[in-house]
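Below is one structure; the comments refer to it alone.
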Amino acid sequence: MRLVAALARIKDARGLPVRDPEQERRVLEQGADDIGDPALRDYYLRLLNEEMALSREYQEELLGLVPGVFFAPLTDAAKYFNLSRKVLVVTEPGVPSQYPEAILQACPGGSLLTVPGGESGKSMDGVQTILQELLRLGFTRDDAIVAVGGGVIGDMAGFAAACYMRGIDFYNVPTTLLSQVDSSAGGKTAVNLCGVKNIVGAFHQPSGVLIDTGTLGTLSPRLFAEGMAELVKIAAACDASLFGRIERSACLRDDIDGLIRDALAVKMSIVRRDPLENGLRAVLNFGHTVGHAIEAASGGRFYHGECVAMGMLYTSYGEARERLEALLKRLGLPVEDPFDADTLMSFACSDKKRRAEGFRIVEVSRIGDFSFRTVSADTLRAIIVKRKSQ
Ligand code: GLY
């Protein structure tokens, strides 16, 4: 592994890709040519392929790279995505038009569709509009959707891609900090139904994610801050050194590129181990049990990231909570919600994350470390009441 690590550093210094399919193919073929026995040749090819995959994964983690996530200008989209086919670029009115236009320019067979955005637009109606457009334009299984915008548009277009002909390629171009740091990668897609957030959805991994942090230049301070809440979430629960870097950063907008890369590397190392959220991945829901209840109770008054910020403080304790609260305040995020325990509990009980056995909450008592606890509705209510009385 020391050799593999040295190789990764050389590639990094020279700007070479960790994965070079052409070179890998050549190495495999050269070696296999000298093996006469077909069974042995098959064994050799399988073994070497597995070794290369392991080495690649190790190098990517070492360098903080995330497979399938590219940091580049929007105008370079065609270098990273296969856009030489029918492509539907889906966006919403709030997204500055130059962003979807830049992607459209890179698609010889591209069409643009603008659907209503915001949490109220994240609906089955929105998905139906996208599906009907795909049908009208004669899309087949070989074609693709590109979402350009925030988390709402990524979730909705991703879900349409998961459903159309039982799944077509989907690329994500997140243009808000919230979506760049969390929702664009990992394959969760969903829409709301009857006021219940993300209740209808599918896991459908994007074929690629393109992050151009230049798009953050047009983001309002409030939207930037809510994105920081998801970044802080990942750091607080999983990476103490990343948390320290956010605390020490004198200008977050200057440091944001590296922070997003590292947060995504942490997130994707979790997603790789538990893509369908059967266990570990639920750590990424830190702050979401109460956060989603606040979001639903506020009827859109608070943004998602703001609700996560307030939500995290309910299930963090001691010094960890003090540091978390101080950092969230410094970022301009709200740290207390105005709802009483009964209101929050009534919304928490209809959240999709509730299981038959209760609520699986993520608790943080030390920055960079977390534990899971399954609690009853009464215990969750007591946690809420206790925080409100402090
Ligand atoms: N946003 C949390 C996750 O992707 O699991």
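Scheme for the structure tokens: letters A, B, ... for chains in order shown; per-chain residue numbers from 1; ligand numbers from 1 in order shown.
Once only C-alpha atoms and all ligand atoms are used for the distance check, the residues close to ligand 1 at 8 Å turn out to be Asp182, Ser183, Ala185, Gly186, Gly187, Lys188, Lys267, Val271, Glu277, Arg281, Ala282, Val283, Leu284 and Asn285 of chain A.
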Please identify which residues in range 77-240 of chain A DSSP calls alpha helix (DSSP H) from the backbone, and express them as an MDAnalysis selection string.
chainID A and resid 77:80 98:105 118:121 124:136 151:163 177:178 221:238 240
Please extract the residues of range 97-224 of chain A with a backbone DSSP assignment of strand (DSSP E) and present them as a ChimeraX atom specification.
/A:109-114,144-149,169-174,188-193,196-203,208-211
Can you write just those residues out, C-alpha atoms, as a CSV table (one decimal), in the first residue's frame?
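Just written: part15.csv:
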chain,number,residue,atom,x,y,z
A,109,GLY,CA,-29.1,17.0,-29.3
A,110,GLY,CA,-30.2,18.9,-26.2
A,111,SER,CA,-33.6,20.3,-25.1
A,112,LEU,CA,-34.3,22.5,-22.2
A,113,LEU,CA,-37.2,22.1,-19.8
A,114,THR,CA,-38.0,24.5,-16.9
A,144,ALA,CA,-30.0,11.0,-20.7
A,145,ILE,CA,-31.3,13.7,-18.3
A,146,VAL,CA,-29.1,16.5,-16.9
A,147,ALA,CA,-30.4,18.3,-13.8
A,148,VAL,CA,-29.1,21.9,-13.4
A,149,GLY,CA,-29.9,23.6,-10.1
A,169,ASP,CA,-28.8,7.9,-17.4
A,170,PHE,CA,-28.8,10.9,-15.1
A,171,TYR,CA,-26.2,13.6,-14.7
A,172,ASN,CA,-26.3,16.1,-11.9
A,173,VAL,CA,-25.0,19.7,-12.1
A,174,PRO,CA,-25.7,21.2,-8.6
A,188,LYS,CA,-31.1,9.6,-3.4
A,189,THR,CA,-34.0,10.9,-5.5
A,190,ALA,CA,-37.5,11.8,-4.3
A,191,VAL,CA,-40.5,14.0,-4.4
A,192,ASN,CA,-43.0,15.1,-1.7
A,193,LEU,CA,-46.6,13.8,-1.5
A,196,VAL,CA,-44.8,14.5,3.5
A,197,LYS,CA,-41.2,15.2,2.4
A,198,ASN,CA,-39.4,12.9,0.1
A,199,ILE,CA,-41.9,10.1,0.7
A,200,VAL,CA,-41.9,8.8,-3.0
A,201,GLY,CA,-38.5,8.1,-4.5
A,202,ALA,CA,-35.8,5.7,-5.6
A,203,PHE,CA,-32.1,5.1,-5.3
A,208,GLY,CA,-21.7,11.8,-13.1
A,209,VAL,CA,-21.8,15.0,-11.0
A,210,LEU,CA,-20.2,18.2,-12.2
A,211,ILE,CA,-19.4,20.8,-9.6
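Proximity to Leu74 in chain A was assessed for A:Arg136, A:Thr213, A:Gly151, A:Ile10 counting only C-alpha atoms; the smallest distance is recorded for A:Thr213.
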If I take CA of Ala348 in chain A and CA of Val290 in chain A, how far is one from the other in Å, to one decimal?
6.7 Å
For Ile103 in chain A, which residue among A:Thr315, A:Ser376, A:Asn82, A:Ser207 is the nearest when counting only C-alpha atoms?
A:Asn82
Give me, please, the distance in Å between CA of Ala265 in chain A and CA of Ala309 in chain A, quoted to one decimal.
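Atom-to-atom, CA of Ala265 in chain A to CA of Ala309 in chain A, that is 21.2 Å.
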Using only C-alpha atoms, which of A:Ile256, A:Ala161, A:Ala236, A:Leu242 sits nearest Ser365 in chain A?
A:Ala236
Find the spatial neighbours of Ala297 in chain A, counting only C-alpha atoms, within a cut-off of 9 Å - ignore same-chain residues fewer than 2 positions away - and output them as a ChimeraX atom specification.
/A:292-295,299-301,339,343-344,347
Same residues, C-alpha atoms, saved as an mmCIF file, in the first residue's frame:
data_model
loop_
_atom_site.group_PDB
_atom_site.id
_atom_site.type_symbol
_atom_site.label_atom_id
_atom_site.label_comp_id
_atom_site.auth_asym_id
_atom_site.auth_seq_id
_atom_site.Cartn_x
_atom_site.Cartn_y
_atom_site.Cartn_z
ATOM 1 C CA HIS A 292 -37.559 17.700 9.106
ATOM 2 C CA ALA A 293 -40.266 18.330 11.734
ATOM 3 C CA ILE A 294 -39.189 21.991 11.984
ATOM 4 C CA GLU A 295 -39.165 22.247 8.182
ATOM 5 C CA GLY A 299 -44.363 25.578 5.933
ATOM 6 C CA GLY A 300 -41.362 26.820 3.928
ATOM 7 C CA ARG A 301 -40.381 29.731 6.201
ATOM 8 C CA PHE A 339 -42.305 25.546 17.720
ATOM 9 C CA THR A 343 -46.193 20.638 17.127
ATOM 10 C CA LEU A 344 -42.766 19.163 16.377
ATOM 11 C CA PHE A 347 -44.772 16.383 12.237
#
Could you list, as a ChimeraX atom specification, every residue within 12 Å of Ala225 in chain A, counting only C-alpha atoms and ignoring same-chain residues fewer than 4 positions away?
/A:176-178,216,219-221,229-232,252-253,256,303-309,327-334
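Nearest residue to Lys233 in chain A, choosing from A:Val95, A:Leu3, A:Met312, A:Ile383 and counting only C-alpha atoms: A:Met312.
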Skip Gly121 in chain A itself and residues of its chain fewer than 6 positions away, then list as a VMD selection string all residues within 10 Å of it, counting only C-alpha atoms.
chain A and resid 92 115 127 152 to 153 156 191 to 192
Preceding selection exported with N, CA and C atoms as an mmCIF file, in the first residue's frame:
data_model
loop_
_atom_site.group_PDB
_atom_site.id
_atom_site.type_symbol
_atom_site.label_atom_id
_atom_site.label_comp_id
_atom_site.auth_asym_id
_atom_site.auth_seq_id
_atom_site.Cartn_x
_atom_site.Cartn_y
_atom_site.Cartn_z
ATOM 1 N N GLU A 92 -34.983 24.941 -13.048
ATOM 2 C CA GLU A 92 -36.144 25.640 -12.475
ATOM 3 C C GLU A 92 -35.941 27.154 -12.613
ATOM 4 N N VAL A 115 -39.094 23.531 -14.989
ATOM 5 C CA VAL A 115 -40.273 23.115 -14.204
ATOM 6 C C VAL A 115 -40.336 23.958 -12.933
ATOM 7 N N VAL A 127 -42.653 15.645 -11.724
ATOM 8 C CA VAL A 127 -42.078 14.430 -12.333
ATOM 9 C C VAL A 127 -42.852 14.081 -13.600
ATOM 10 N N VAL A 152 -33.710 20.405 -5.048
ATOM 11 C CA VAL A 152 -35.070 20.071 -5.475
ATOM 12 C C VAL A 152 -35.058 19.553 -6.914
ATOM 13 N N ILE A 153 -34.355 20.262 -7.772
ATOM 14 C CA ILE A 153 -34.369 19.882 -9.190
ATOM 15 C C ILE A 153 -33.591 18.576 -9.402
ATOM 16 N N MET A 156 -35.844 15.711 -8.208
ATOM 17 C CA MET A 156 -37.022 15.479 -9.063
ATOM 18 C C MET A 156 -36.603 14.905 -10.424
ATOM 19 N N VAL A 191 -39.638 12.874 -4.386
ATOM 20 C CA VAL A 191 -40.529 14.039 -4.365
ATOM 21 C C VAL A 191 -41.414 13.951 -3.116
ATOM 22 N N ASN A 192 -42.080 15.077 -2.824
ATOM 23 C CA ASN A 192 -43.005 15.120 -1.680
ATOM 24 C C ASN A 192 -44.399 14.686 -2.140
#
How many Å separate CA of Asp143 in chain A from CA of Ala77 in chain A?
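Atom-to-atom, CA of Asp143 in chain A and CA of Ala77 in chain A are spaced 15.9 Å apart.
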Between A:Glu226, A:Glu60, A:Asp33, A:Asp12, which has the minimum distance to Ser269 in chain A (counting only C-alpha atoms)?
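Looking only at the distances to Ser269 in chain A, the closest residue turns out to be A:Glu60.
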Would you mind listing what lies within 7 Å of Val375 in chain A as a PDB file with all heavy atoms, in the first residue's frame, with only C-alpha atoms counted and same-chain residues fewer than 3 positions away left out?
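To be explicit, this is the file written out as selection21.pdb:
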ATOM      1  N   GLY A 358     -39.594   2.812  16.277  1.00  0.00           N
ATOM      2  CA  GLY A 358     -39.385   4.164  16.813  1.00  0.00           C
ATOM      3  C   GLY A 358     -38.545   5.036  15.898  1.00  0.00           C
ATOM      4  O   GLY A 358     -38.502   4.816  14.687  1.00  0.00           O
ATOM      5  N   PHE A 359     -37.881   6.012  16.483  1.00  0.00           N
ATOM      6  CA  PHE A 359     -37.066   6.955  15.716  1.00  0.00           C
ATOM      7  C   PHE A 359     -35.593   6.580  15.883  1.00  0.00           C
ATOM      8  O   PHE A 359     -35.122   6.462  17.024  1.00  0.00           O
ATOM      9  CB  PHE A 359     -37.273   8.386  16.235  1.00  0.00           C
ATOM     10  CG  PHE A 359     -38.685   8.874  16.108  1.00  0.00           C
ATOM     11  CD1 PHE A 359     -39.614   8.603  17.098  1.00  0.00           C
ATOM     12  CD2 PHE A 359     -39.079   9.614  14.998  1.00  0.00           C
ATOM     13  CE1 PHE A 359     -40.923   9.049  16.997  1.00  0.00           C
ATOM     14  CE2 PHE A 359     -40.384  10.068  14.894  1.00  0.00           C
ATOM     15  CZ  PHE A 359     -41.313   9.787  15.886  1.00  0.00           C
ATOM     16  N   ARG A 360     -34.887   6.430  14.780  1.00  0.00           N
ATOM     17  CA  ARG A 360     -33.447   6.130  14.881  1.00  0.00           C
ATOM     18  C   ARG A 360     -32.709   7.465  14.809  1.00  0.00           C
ATOM     19  O   ARG A 360     -32.602   8.053  13.731  1.00  0.00           O
ATOM     20  CB  ARG A 360     -33.038   5.217  13.724  1.00  0.00           C
ATOM     21  CG  ARG A 360     -31.656   4.662  13.894  1.00  0.00           C
ATOM     22  CD  ARG A 360     -31.535   3.356  13.122  1.00  0.00           C
ATOM     23  NE  ARG A 360     -30.316   2.663  13.484  1.00  0.00           N
ATOM     24  CZ  ARG A 360     -29.310   2.497  12.633  1.00  0.00           C
ATOM     25  NH1 ARG A 360     -29.380   2.922  11.421  1.00  0.00           N
ATOM     26  NH2 ARG A 360     -28.219   1.856  13.032  1.00  0.00           N
ATOM     27  N   THR A 379     -39.667   9.325  24.295  1.00  0.00           N
ATOM     28  CA  THR A 379     -38.274   9.727  24.549  1.00  0.00           C
ATOM     29  C   THR A 379     -37.895  10.896  23.644  1.00  0.00           C
ATOM     30  O   THR A 379     -37.238  11.852  24.083  1.00  0.00           O
ATOM     31  CB  THR A 379     -37.316   8.530  24.338  1.00  0.00           C
ATOM     32  OG1 THR A 379     -37.766   7.465  25.154  1.00  0.00           O
ATOM     33  CG2 THR A 379     -35.884   8.885  24.686  1.00  0.00           C
ATOM     34  N   LEU A 380     -38.322  10.839  22.375  1.00  0.00           N
ATOM     35  CA  LEU A 380     -37.987  11.957  21.470  1.00  0.00           C
ATOM     36  C   LEU A 380     -38.623  13.245  21.988  1.00  0.00           C
ATOM     37  O   LEU A 380     -38.000  14.307  21.999  1.00  0.00           O
ATOM     38  CB  LEU A 380     -38.465  11.651  20.039  1.00  0.00           C
ATOM     39  CG  LEU A 380     -38.117  12.737  19.016  1.00  0.00           C
ATOM     40  CD1 LEU A 380     -36.598  12.911  18.888  1.00  0.00           C
ATOM     41  CD2 LEU A 380     -38.708  12.433  17.646  1.00  0.00           C
TER      42      LEU A 380
END
Selection near Gln30 in chain A, 12 Å with only C-alpha atoms, sequence-local residues under 5 positions removed, as a list in words:
Gln23, Glu24, Arg25, Ile35, Arg41, Tyr44 and Leu45 of chain A
Keeping C-alpha atoms, export the residues of the selection given above as a CSV table (one decimal), in the first residue's frame.
chain,number,residue,atom,x,y,z
A,23,GLN,CA,-3.6,2.2,-19.7
A,24,GLU,CA,-5.3,-0.3,-17.5
A,25,ARG,CA,-6.5,-2.2,-20.5
A,35,ILE,CA,-0.4,-17.0,-20.5
A,41,ARG,CA,-5.5,-16.4,-18.1
A,44,TYR,CA,-5.1,-13.7,-14.0
A,45,LEU,CA,-7.4,-11.1,-15.5
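When only C-alpha atoms are used to measure the gap to Asp340 in chain A, the shortest distance among A:Arg19, A:Leu264, A:Val362, A:Arg387 belongs to A:Arg387.
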